[in-house]
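Q: Structure: input_37.cif, mmCIF, C-alpha atoms.
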data_my_file
loop_
_atom_site.label_atom_id
_atom_site.label_comp_id
_atom_site.auth_asym_id
_atom_site.auth_seq_id
_atom_site.Cartn_x
_atom_site.Cartn_y
_atom_site.Cartn_z
CA MET A 1 0.00 0.00 0.00
CA LEU A 2 2.72 2.48 1.00
CA TRP A 3 4.84 1.55 -2.01
CA ASN A 4 1.90 2.15 -4.39
CA THR A 5 1.33 5.53 -2.70
CA ILE A 6 4.99 6.46 -3.23
CA LEU A 7 4.74 5.44 -6.92
CA LEU A 8 1.63 7.62 -7.32
CA SER A 9 3.51 10.51 -5.72
CA LEU A 10 6.47 10.11 -8.06
CA ARG A 11 4.07 9.99 -11.03
CA GLU A 12 2.50 13.30 -9.98
CA ILE A 13 5.95 14.86 -9.48
CA LYS A 14 7.03 13.65 -12.94
CA ARG A 15 3.85 15.08 -14.47
CA ASN A 16 4.85 18.62 -13.32
CA VAL A 17 8.64 18.49 -13.27
CA MET A 18 9.30 22.22 -13.47
CA ARG A 19 6.71 23.08 -10.84
CA SER A 20 8.02 20.33 -8.55
CA PHE A 21 11.59 21.58 -8.93
CA LEU A 22 10.63 25.16 -8.12
CA THR A 23 8.66 23.86 -5.14
CA ILE A 24 11.62 22.03 -3.61
CA LEU A 25 14.15 24.76 -4.45
CA GLY A 26 13.81 26.28 -0.97
CA ILE A 27 14.50 22.85 0.59
CA VAL A 28 17.52 22.33 -1.69
CA ILE A 29 18.98 25.73 -0.79
CA GLY A 30 18.25 25.32 2.93
CA VAL A 31 19.71 21.83 3.29
CA GLY A 32 22.67 22.69 1.06
CA ALA A 33 23.47 25.90 2.93
CA VAL A 34 23.22 24.31 6.38
CA ILE A 35 25.47 21.36 5.49
CA THR A 36 27.98 23.59 3.69
CA MET A 37 28.18 26.06 6.61
CA VAL A 38 28.62 23.29 9.20
CA THR A 39 31.20 21.44 7.08
CA ILE A 40 33.32 24.51 6.34
CA GLY A 41 32.95 25.65 9.96
CA GLY A 42 34.14 22.25 11.17
CA GLY A 43 37.13 22.43 8.84
CA ALA A 44 37.99 25.93 10.08
CA THR A 45 37.74 24.77 13.70
CA GLN A 46 40.03 21.80 13.02
CA GLN A 47 42.52 24.06 11.25
CA VAL A 48 42.58 26.42 14.25
CA ARG A 49 43.30 23.50 16.58
CA GLN A 50 46.05 22.19 14.30
CA GLN A 51 47.68 25.60 14.00
CA ILE A 52 47.54 26.19 17.75
CA ALA A 53 49.10 22.74 18.30
CA SER A 54 51.82 23.52 15.74
CA MET A 55 52.78 26.66 17.67
CA GLY A 56 53.95 24.58 20.60
CA SER A 57 53.27 21.60 22.78
CA ASN A 58 51.61 22.43 26.14
CA MET A 59 53.03 25.94 25.85
CA LEU A 60 52.75 28.80 28.31
CA MET A 61 53.78 32.33 27.31
CA ILE A 62 54.91 34.67 30.07
CA SER A 63 54.85 38.33 29.06
CA PRO A 64 55.65 41.46 31.09
CA GLY A 65 52.92 43.99 31.78
CA LYS A 66 49.40 43.89 33.17
CA ARG A 67 46.95 42.54 30.60
CA LEU A 68 44.27 45.10 29.70
CA GLY A 69 42.64 43.53 26.68
CA PRO A 70 43.41 41.87 23.33
CA GLY A 71 46.96 42.83 22.41
CA GLN A 72 47.23 45.45 25.18
CA SER A 73 49.40 45.55 28.27
CA ALA A 74 50.65 48.16 30.71
CA GLY A 75 53.46 48.61 33.21
CA ASN A 76 56.03 46.57 31.24
CA VAL A 77 58.92 45.43 33.40
CA PRO A 78 61.11 43.15 31.23
CA PHE A 79 62.37 39.81 32.49
CA LYS A 80 66.00 38.98 33.24
CA GLU A 81 68.00 35.82 32.59
CA ALA A 82 67.80 35.06 36.32
CA ASP A 83 64.00 34.77 35.98
CA VAL A 84 64.46 32.06 33.34
CA GLU A 85 66.93 30.19 35.55
CA ALA A 86 64.50 30.44 38.48
CA ILE A 87 61.67 28.86 36.46
CA VAL A 88 63.94 25.99 35.40
CA ARG A 89 65.06 25.49 38.98
CA GLU A 90 61.78 25.97 40.90
CA VAL A 91 58.99 24.63 38.65
CA SER A 92 59.21 20.85 38.49
CA SER A 93 56.69 20.16 35.69
CA ILE A 94 58.60 22.15 33.06
CA ALA A 95 60.03 20.33 30.02
CA ALA A 96 61.78 23.32 28.40
CA VAL A 97 62.14 27.07 28.90
CA ALA A 98 63.06 29.53 26.15
CA PRO A 99 63.84 33.22 26.82
CA VAL A 100 62.76 35.28 23.81
CA SER A 101 63.56 38.79 22.65
CA SER A 102 62.47 40.03 19.24
CA GLN A 103 62.98 43.07 17.05
CA SER A 104 61.95 44.01 13.55
CA ILE A 105 65.10 44.42 11.46
CA GLN A 106 65.92 44.70 7.78
CA ALA A 107 67.84 41.65 6.53
CA VAL A 108 70.18 42.38 3.62
CA LEU A 109 71.95 40.09 1.13
CA GLY A 110 73.71 41.81 -1.76
CA ASN A 111 71.10 44.02 -3.44
CA GLN A 112 68.20 42.09 -1.83
CA ASN A 113 66.59 43.22 1.42
CA TRP A 114 63.58 42.19 3.48
CA THR A 115 62.20 43.51 6.78
CA THR A 116 61.73 40.59 9.12
CA GLN A 117 61.41 39.55 12.77
CA VAL A 118 64.75 38.72 14.38
CA THR A 119 64.34 36.55 17.47
CA GLY A 120 67.03 35.94 20.06
CA SER A 121 66.74 32.72 22.07
CA ASN A 122 68.41 29.38 22.79
CA ASN A 123 67.98 25.85 21.43
CA GLN A 124 65.03 25.25 23.77
CA TYR A 125 63.09 27.68 21.57
CA PHE A 126 62.86 25.10 18.77
CA TYR A 127 61.43 22.49 21.14
CA VAL A 128 58.95 24.82 22.83
CA THR A 129 57.59 26.23 19.55
CA ASN A 130 57.59 22.81 17.85
CA ARG A 131 60.04 23.87 15.14
CA THR A 132 62.37 21.64 13.20
CA ILE A 133 65.65 22.34 11.40
CA ALA A 134 65.12 21.33 7.76
CA THR A 135 68.79 21.67 6.85
CA GLY A 136 71.85 22.64 8.87
CA ARG A 137 72.12 22.56 12.66
CA GLN A 138 71.15 24.26 15.92
CA PHE A 139 73.41 26.60 17.89
CA SER A 140 76.38 25.11 19.71
CA GLU A 141 76.85 25.81 23.43
CA SER A 142 79.92 27.92 22.71
CA GLU A 143 77.96 30.04 20.20
CA LEU A 144 75.18 30.61 22.75
CA ARG A 145 77.66 31.59 25.51
CA ALA A 146 79.78 33.85 23.32
CA GLY A 147 76.93 35.48 21.41
CA ALA A 148 78.37 34.36 18.08
CA ALA A 149 77.30 35.95 14.79
CA VAL A 150 75.32 32.95 13.52
CA CYS A 151 71.64 32.61 12.58
CA ILE A 152 68.96 30.18 11.51
CA ILE A 153 66.46 31.52 8.97
CA GLY A 154 62.87 30.71 7.98
CA GLU A 155 61.63 29.62 4.57
CA THR A 156 60.28 33.07 3.69
CA ILE A 157 63.71 34.67 4.26
CA ARG A 158 65.29 32.01 2.07
CA LYS A 159 62.85 32.78 -0.77
CA LYS A 160 63.14 36.57 -0.46
CA LEU A 161 66.93 36.80 -0.16
CA PHE A 162 68.41 33.62 -1.59
CA GLY A 163 65.87 32.28 -4.08
CA ALA A 164 67.01 28.82 -5.16
CA GLN A 165 70.55 29.40 -3.86
CA ASP A 166 71.97 27.22 -1.08
CA VAL A 167 71.83 29.13 2.21
CA LEU A 168 74.24 27.25 4.48
CA GLY A 169 77.51 29.10 5.06
CA GLU A 170 76.23 32.32 3.47
CA LYS A 171 76.18 35.60 5.41
CA ILE A 172 73.33 38.08 5.76
CA ARG A 173 73.43 41.51 7.38
CA LEU A 174 71.05 42.48 10.21
CA GLN A 175 71.63 46.22 10.71
CA LYS A 176 75.37 46.30 11.55
CA LEU A 177 75.52 42.59 12.39
CA SER A 178 76.81 40.25 9.71
CA CYS A 179 75.85 36.69 10.64
CA GLU A 180 76.49 33.29 9.08
CA VAL A 181 73.49 31.13 8.18
CA ILE A 182 73.92 27.74 9.87
CA GLY A 183 70.41 26.35 9.45
CA LEU A 184 67.06 26.54 7.69
CA LEU A 185 63.84 26.10 9.65
CA GLY A 186 61.13 23.69 8.52
CA GLU A 187 58.19 25.42 6.83
CA LYS A 188 55.13 26.17 9.03
CA GLY A 189 52.99 28.63 7.05
CA GLN A 190 50.60 31.17 8.55
CA ASN A 191 49.26 30.97 12.07
CA THR A 192 45.64 31.56 13.17
CA MET A 193 46.24 35.32 13.28
CA GLY A 194 47.38 35.35 9.64
CA MET A 195 51.05 35.95 10.52
CA ASP A 196 53.76 34.25 8.47
CA GLN A 197 55.61 31.91 10.85
CA ASP A 198 58.41 31.42 8.31
CA ASP A 199 59.28 35.13 8.16
CA ILE A 200 61.84 34.88 10.97
CA VAL A 201 65.57 34.91 11.73
CA VAL A 202 66.69 33.21 14.96
CA VAL A 203 70.00 34.21 16.57
CA PRO A 204 71.52 33.39 19.99
CA LEU A 205 69.94 35.52 22.72
CA ARG A 206 73.24 37.10 23.73
CA THR A 207 73.96 37.98 20.11
CA LEU A 208 70.74 39.98 19.90
CA GLN A 209 71.28 41.59 23.30
CA ARG A 210 74.91 42.63 22.76
CA ARG A 211 74.96 43.49 19.05
CA VAL A 212 71.42 44.68 18.28
CA THR A 213 69.35 45.85 21.27
CA GLY A 214 72.24 46.79 23.55
CA ASN A 215 70.52 45.63 26.75
CA GLN A 216 69.99 42.44 28.79
CA GLU A 217 66.21 42.52 28.73
CA ILE A 218 64.06 39.51 27.83
CA GLY A 219 60.72 40.34 26.20
CA MET A 220 59.01 37.01 26.77
CA ILE A 221 59.54 33.60 28.33
CA GLN A 222 58.06 30.60 26.55
CA VAL A 223 57.59 27.44 28.59
CA SER A 224 56.73 23.90 27.52
CA VAL A 225 55.02 21.80 30.20
CA GLN A 226 55.82 18.09 30.45
CA GLN A 227 53.40 15.69 28.76
CA GLY A 228 50.77 14.53 31.23
CA ALA A 229 51.46 17.39 33.65
CA SER A 230 48.80 19.98 34.40
CA THR A 231 49.30 23.26 32.57
CA ASP A 232 47.02 24.94 35.14
CA LYS A 233 49.28 23.79 37.98
CA ALA A 234 52.39 24.96 36.10
CA LYS A 235 50.69 28.31 35.45
CA GLN A 236 49.93 28.73 39.16
CA ASP A 237 53.49 27.82 40.16
CA ILE A 238 55.00 30.24 37.64
CA THR A 239 52.64 33.04 38.72
CA LYS A 240 53.57 32.51 42.38
CA LEU A 241 57.31 32.44 41.55
CA MET A 242 57.16 35.58 39.39
CA ARG A 243 55.24 37.48 42.07
CA GLU A 244 57.95 36.59 44.59
CA ARG A 245 60.77 37.59 42.25
CA ARG A 246 59.06 40.88 41.39
CA HIS A 247 58.41 41.62 45.10
CA LEU A 248 54.66 42.07 44.69
CA ALA A 249 52.56 42.45 47.83
CA PRO A 250 49.43 40.27 48.23
CA SER A 251 47.28 43.31 47.41
CA ASP A 252 49.27 44.17 44.27
CA ASP A 253 48.08 43.17 40.80
CA ASP A 254 50.37 41.08 38.61
CA ASN A 255 52.66 43.18 36.42
CA PHE A 256 53.02 40.20 34.06
CA HIS A 257 50.62 37.68 32.55
CA VAL A 258 50.86 33.96 31.84
CA MET A 259 48.92 32.81 28.79
CA ASP A 260 48.04 29.17 28.17
CA MET A 261 47.85 28.14 24.51
CA LYS A 262 44.92 25.88 25.42
CA GLU A 263 42.98 28.97 26.46
CA ILE A 264 43.66 30.57 23.09
CA SER A 265 42.61 27.35 21.33
CA THR A 266 39.38 27.18 23.35
CA MET A 267 38.60 30.83 22.65
CA LEU A 268 39.24 30.62 18.90
CA THR A 269 37.43 27.30 18.40
CA GLY A 270 34.52 28.63 20.45
CA THR A 271 34.37 31.69 18.19
CA THR A 272 34.40 29.64 14.97
CA GLN A 273 31.75 27.27 16.35
CA LEU A 274 29.51 30.18 17.35
CA LEU A 275 29.84 31.79 13.91
CA THR A 276 29.10 28.43 12.27
CA ALA A 277 25.98 28.00 14.40
CA LEU A 278 24.75 31.52 13.58
CA LEU A 279 25.34 31.11 9.84
CA SER A 280 23.65 27.69 9.90
CA ALA A 281 20.64 29.15 11.71
CA VAL A 282 20.33 31.86 9.05
CA ALA A 283 20.63 29.23 6.31
CA ALA A 284 17.98 27.09 7.99
CA VAL A 285 15.41 29.85 7.36
CA SER A 286 15.42 28.63 3.74
CA LEU A 287 13.94 25.36 4.99
CA LEU A 288 11.00 27.27 6.44
CA VAL A 289 10.54 29.12 3.15
CA GLY A 290 10.73 25.81 1.30
CA GLY A 291 8.12 24.30 3.59
CA ILE A 292 5.73 27.18 2.90
CA GLY A 293 6.31 26.64 -0.82
CA ILE A 294 5.42 22.96 -0.48
CA MET A 295 2.21 23.80 1.41
CA ASN A 296 1.24 26.33 -1.25
CA ILE A 297 1.78 23.93 -4.16
CA MET A 298 0.06 21.05 -2.36
CA LEU A 299 -3.02 23.26 -1.81
CA VAL A 300 -2.98 24.08 -5.53
CA SER A 301 -2.63 20.38 -6.29
CA VAL A 302 -5.64 19.54 -4.12
CA THR A 303 -7.71 22.14 -5.99
CA GLU A 304 -6.56 20.83 -9.38
CA ARG A 305 -7.30 17.20 -8.48
CA THR A 306 -10.62 17.70 -6.72
CA ARG A 307 -12.55 15.49 -9.19
CA GLU A 308 -9.87 12.75 -8.91
CA ILE A 309 -10.21 12.85 -5.12
CA GLY A 310 -14.02 12.71 -5.45
CA VAL A 311 -13.81 9.64 -7.69
CA ARG A 312 -11.51 7.86 -5.25
CA LEU A 313 -13.77 8.63 -2.32
CA ALA A 314 -16.91 7.63 -4.29
CA ILE A 315 -15.55 4.17 -5.17
CA GLY A 316 -14.66 3.40 -1.57
CA ALA A 317 -11.32 5.00 -0.74
CA LEU A 318 -11.00 5.84 2.93
CA GLU A 319 -10.20 9.33 4.18
CA ARG A 320 -6.97 8.11 5.72
CA GLU A 321 -5.87 6.68 2.34
CA VAL A 322 -6.41 10.03 0.62
CA LEU A 323 -4.67 11.74 3.54
CA MET A 324 -1.75 9.34 3.20
CA GLN A 325 -1.51 9.89 -0.57
CA PHE A 326 -1.09 13.66 -0.34
CA LEU A 327 1.05 13.48 2.80
CA VAL A 328 3.45 11.01 1.15
CA GLU A 329 3.59 13.23 -1.92
CA ALA A 330 4.66 16.19 0.23
CA VAL A 331 7.25 14.09 2.06
CA VAL A 332 8.64 12.69 -1.22
CA LEU A 333 8.94 16.22 -2.58
CA SER A 334 10.78 17.53 0.48
CA SER A 335 12.98 14.40 0.80
CA LEU A 336 13.95 14.68 -2.87
CA GLY A 337 14.89 18.29 -2.21
CA GLY A 338 16.92 17.13 0.80
CA LEU A 339 18.84 14.56 -1.28
CA ILE A 340 19.63 17.09 -4.02
CA GLY A 341 20.69 19.60 -1.34
CA ILE A 342 23.03 17.06 0.28
CA ILE A 343 24.72 16.22 -3.03
CA LEU A 344 25.18 19.90 -3.94
CA ALA A 345 26.36 20.75 -0.41
CA LEU A 346 29.07 18.06 -0.36
CA ALA A 347 30.32 19.13 -3.79
CA ALA A 348 30.34 22.79 -2.72
CA SER A 349 32.05 21.94 0.58
CA VAL A 350 34.89 20.08 -1.17
CA TRP A 351 35.41 23.01 -3.54
CA LEU A 352 35.21 25.68 -0.83
CA ALA A 353 37.55 23.73 1.46
CA GLY A 354 40.17 23.73 -1.26
CA PHE A 355 39.57 27.39 -2.12
CA LEU A 356 39.72 28.54 1.52
CA ARG A 357 42.55 26.10 2.32
CA VAL A 358 40.78 24.47 5.25
CA PRO A 359 40.42 20.70 5.83
CA PHE A 360 37.30 19.00 4.46
CA VAL A 361 35.64 17.38 7.47
CA PHE A 362 32.69 15.15 6.57
CA ASN A 363 30.01 15.49 9.26
CA GLY A 364 27.77 12.42 8.97
CA PRO A 365 25.36 13.34 11.79
CA ILE A 366 24.58 16.80 10.36
CA VAL A 367 23.93 15.29 6.90
CA PHE A 368 21.50 12.78 8.43
CA ILE A 369 19.81 15.45 10.58
CA ALA A 370 19.45 17.79 7.58
CA PHE A 371 17.81 15.03 5.51
CA LEU A 372 15.56 14.05 8.42
CA PHE A 373 14.59 17.68 8.92
CA SER A 374 13.75 18.07 5.23
CA ALA A 375 11.41 15.05 5.45
CA LEU A 376 9.89 16.51 8.62
CA VAL A 377 9.21 19.76 6.76
CA GLY A 378 7.21 17.72 4.25
CA VAL A 379 5.17 16.12 7.04
CA ILE A 380 4.47 19.42 8.83
CA PHE A 381 3.65 21.57 5.80
CA GLY A 382 1.98 18.78 3.84
CA TYR A 383 -0.42 17.72 6.57
CA PHE A 384 -2.94 20.58 6.19
CA PRO A 385 -3.35 20.21 2.38
CA ALA A 386 -3.60 16.42 2.80
CA LEU A 387 -6.23 16.84 5.52
CA LYS A 388 -8.19 19.22 3.28
CA ALA A 389 -8.13 16.64 0.48
CA ALA A 390 -9.25 13.82 2.78
CA ARG A 391 -12.21 15.81 4.12
CA LEU A 392 -13.66 16.71 0.71
CA ASP A 393 -17.32 15.80 0.19
CA PRO A 394 -17.34 13.18 -2.63
CA ILE A 395 -20.53 14.60 -4.20
CA GLU A 396 -19.24 18.18 -4.18
CA ALA A 397 -15.86 16.97 -5.48
CA LEU A 398 -17.48 15.16 -8.41
CA ARG A 399 -19.42 18.32 -9.32
CA HIS A 400 -16.18 20.35 -9.38
CA GLU A 401 -15.17 21.65 -12.81
#
Spit out the file's structure as structure tokens when you get a sec.
A:
Amino acid sequence: MLWNTILLSLREIKRNVMRSFLTILGIVIGVGAVITMVTIGGGATQQVRQQIASMGSNMLMISPGKRLGPGQSAGNVPFKEADVEAIVREVSSIAAVAPVSSQSIQAVLGNQNWTTQVTGSNNQYFYVTNRTIATGRQFSESELRAGAAVCIIGETIRKKLFGAQDVLGEKIRLQKLSCEVIGLLGEKGQNTMGMDQDDIVVVPLRTLQRRVTGNQEIGMIQVSVQQGASTDKAKQDITKLMRERRHLAPSDDDNFHVMDMKEISTMLTGTTQLLTALLSAVAAVSLLVGGIGIMNIMLVSVTERTREIGVRLAIGALEREVLMQFLVEAVVLSSLGGLIGIILALAASVWLAGFLRVPFVFNGPIVFIAFLFSALVGVIFGYFPALKAARLDPIEALRHE
């Protein structure tokens, strides 16, 4: 019985192909938009998590100054090398500590120049920030102690200054400092803030302090917490230690801040998920519009087929059978729209993921829910026209012209 009803529905849809397509267009757009938004949003969220993870493993960033808001701080009191040594000595859950000082400097090679970020640190910096040396080597202990004129460059610097030329053993000039290139960092690309992580030159910390900045200040301390250890506990221990070393009274506010990369990851993923939800909700309005379109066309269909309904009722068809016929027709229409929307959405998601350079993340549950919702739209908006058809008076229906 149900199968025959479905076949009758498909026959009616085939009889008015153009009208049926225009009827389900709202469903197609709604389902397609929702699935596309959720898929691309899921890919963006995964990319954020991957990029945060690539910036460092269990990393804490300790910066001077009281945090006022995004990118703002006040009361900067730089760190000293003794602060770094104290963290290594006093905080047991630390895997690596890297003192970092940075300055924007123009790098020059022959007639080529490029303004870049020069970072002074030690070999722990590569571990904390999850960086690898593609070719060459890290700094030797003697180079770190003496503040030798050596550097390790990023892929962007290699492209801008050297092109296809071999970089190892060559010398570049950073202001008045001429340093030998001893290594090339592995490529990392842009971070979540859109900054190029390969546009960097790393030199020993003492080299930067003695030959560039002319002071012993440390702008930031980056800490990697041991695997399995609590980053919250490490953060508390570091905060307590820094307050003691900076002689802050219990009533004083911190004149530094410790940032956990997990907090940044949670904030950014939360933002992308919220935006995805909002965009999906806006897209879902198309489903409502599509449902109204289905109700409208089904009411027209009932009017057009009044005599047919009268004949069926006159020869013994039950009201529930007529109700089922028109209800199934509405559900088939909306489900067909859902299937077309799913196909178009997956194709669009694959293309957009490549265009936006985010991972394609297939979300099976949202595809199933979108299809189920499209069928539910057919039930809800098809019920009233079907009920109207079932309650027609057979005699009046047969008189209808």
Q: When the PyMOL selection byres ((chain A and resi 111) around 12) is applied to the file above, which residues end up in the set, as a compact mmCIF listing (two decimals) with C-alpha atoms, in the coordinates of the input?
A:
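And here is the file that came out, part.txt:
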# COMPACT_ATOMS: atom_id res chain seq x y z
CA ALA A 107 67.84 41.65 6.53
CA VAL A 108 70.18 42.38 3.62
CA LEU A 109 71.95 40.09 1.13
CA GLY A 110 73.71 41.81 -1.76
CA GLN A 112 68.20 42.09 -1.83
CA ASN A 113 66.59 43.22 1.42
CA TRP A 114 63.58 42.19 3.48
CA LYS A 160 63.14 36.57 -0.46
CA LEU A 161 66.93 36.80 -0.16
CA PHE A 162 68.41 33.62 -1.59
CA ILE A 172 73.33 38.08 5.76
CA ARG A 173 73.43 41.51 7.38
Q: Could you spell out the hits of the PyMOL selection byres ((chain A and resi 349) around 12) on the shown file, as a PyMOL selection string?
A: chain A and resi 32-44+341-348+350-363
Q: Those residues you just picked out, can you put them in a file as a compact mmCIF listing (two decimals), keeping the file's coordinate frame with C-alpha atoms?
A:
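Wrote it out as out12.txt, contents follow:
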# COMPACT_ATOMS: atom_id res chain seq x y z
CA GLY A 32 22.67 22.69 1.06
CA ALA A 33 23.47 25.90 2.93
CA VAL A 34 23.22 24.31 6.38
CA ILE A 35 25.47 21.36 5.49
CA THR A 36 27.98 23.59 3.69
CA MET A 37 28.18 26.06 6.61
CA VAL A 38 28.62 23.29 9.20
CA THR A 39 31.20 21.44 7.08
CA ILE A 40 33.32 24.51 6.34
CA GLY A 41 32.95 25.65 9.96
CA GLY A 42 34.14 22.25 11.17
CA GLY A 43 37.13 22.43 8.84
CA ALA A 44 37.99 25.93 10.08
CA GLY A 341 20.69 19.60 -1.34
CA ILE A 342 23.03 17.06 0.28
CA ILE A 343 24.72 16.22 -3.03
CA LEU A 344 25.18 19.90 -3.94
CA ALA A 345 26.36 20.75 -0.41
CA LEU A 346 29.07 18.06 -0.36
CA ALA A 347 30.32 19.13 -3.79
CA ALA A 348 30.34 22.79 -2.72
CA VAL A 350 34.89 20.08 -1.17
CA TRP A 351 35.41 23.01 -3.54
CA LEU A 352 35.21 25.68 -0.83
CA ALA A 353 37.55 23.73 1.46
CA GLY A 354 40.17 23.73 -1.26
CA PHE A 355 39.57 27.39 -2.12
CA LEU A 356 39.72 28.54 1.52
CA ARG A 357 42.55 26.10 2.32
CA VAL A 358 40.78 24.47 5.25
CA PRO A 359 40.42 20.70 5.83
CA PHE A 360 37.30 19.00 4.46
CA VAL A 361 35.64 17.38 7.47
CA PHE A 362 32.69 15.15 6.57
CA ASN A 363 30.01 15.49 9.26
Q: Given only C-alpha atoms as the basis, pick out the residue of A:Val379, A:Ile153, A:Leu274, A:Val97 nearest to Val225 (chain A).
A: A:Val97
Q: Of the residues A:Asp166, A:Val181, A:Lys171, A:Pro204, which is the one nearest to Asn123 (chain A), using only C-alpha atoms?
A: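 Going through A:Asp166, A:Val181, A:Lys171, A:Pro204 one by one, the smallest distance to Asn123 (chain A) is for A:Pro204.
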Q: Given only C-alpha atoms as the basis, pick out the residue of A:Ser101, A:Ser20, A:Ser374, A:Gln165 nearest to Ile218 (chain A).
A: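 Closest residue, counting only C-alpha atoms: A:Ser101.
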Q: Give me, please, the distance in Å between CA of Gly183 (chain A) and CA of Leu205 (chain A), quoted to one decimal.
A: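 Interatomic distance here is 16.1 Å.
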Q: Please, which residues are within 12 Å of (69.2, 44.9, 22.8) by the file's coordinates, counting all atoms listed in the file, and could they come as a ChimeraX atom specification?
A: /A:78,100-104,118-120,205-219
Q: Have a look at A:Val202, A:Lys14, A:Asn122, A:Ser251 and name the one nearest to Arg145 (chain A); count all atoms listed in the file.
A: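 With all atoms listed in the file as the atom set, the closest residue is A:Asn122.
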Q: In Å, how far is it from CA of Glu141 (chain A) to CA of Val201 (chain A)?
A: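 Going from CA of Glu141 (chain A) over to CA of Val201 (chain A), I get 18.6 Å.
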Q: Name every residue that the PyMOL selection byres ((chain A and resi 296) around 12) selects in this structure, writing the answer as a ChimeraX atom specification with chains first and numbers rising.
A: /A:19-20,22-24,289-295,297-303,330,378,381-386
Q: Measure the distance from CA of Ser93 (chain A) to CA of Met61 (chain A) in Å and round it to one decimal.
A: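 Separating CA of Ser93 (chain A) from CA of Met61 (chain A) is a distance of 15.1 Å.
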Q: Identify, on the basis of all atoms listed in the file, every residue whose closest approach to Ile238 (chain A) does not exceed 10 Å; exclude the query and any residue fewer than 2 positions from it along the same chain; express the result as a ChimeraX atom specification.
A: /A:60,62,86-87,90-91,94,223,232-236,240-244,258
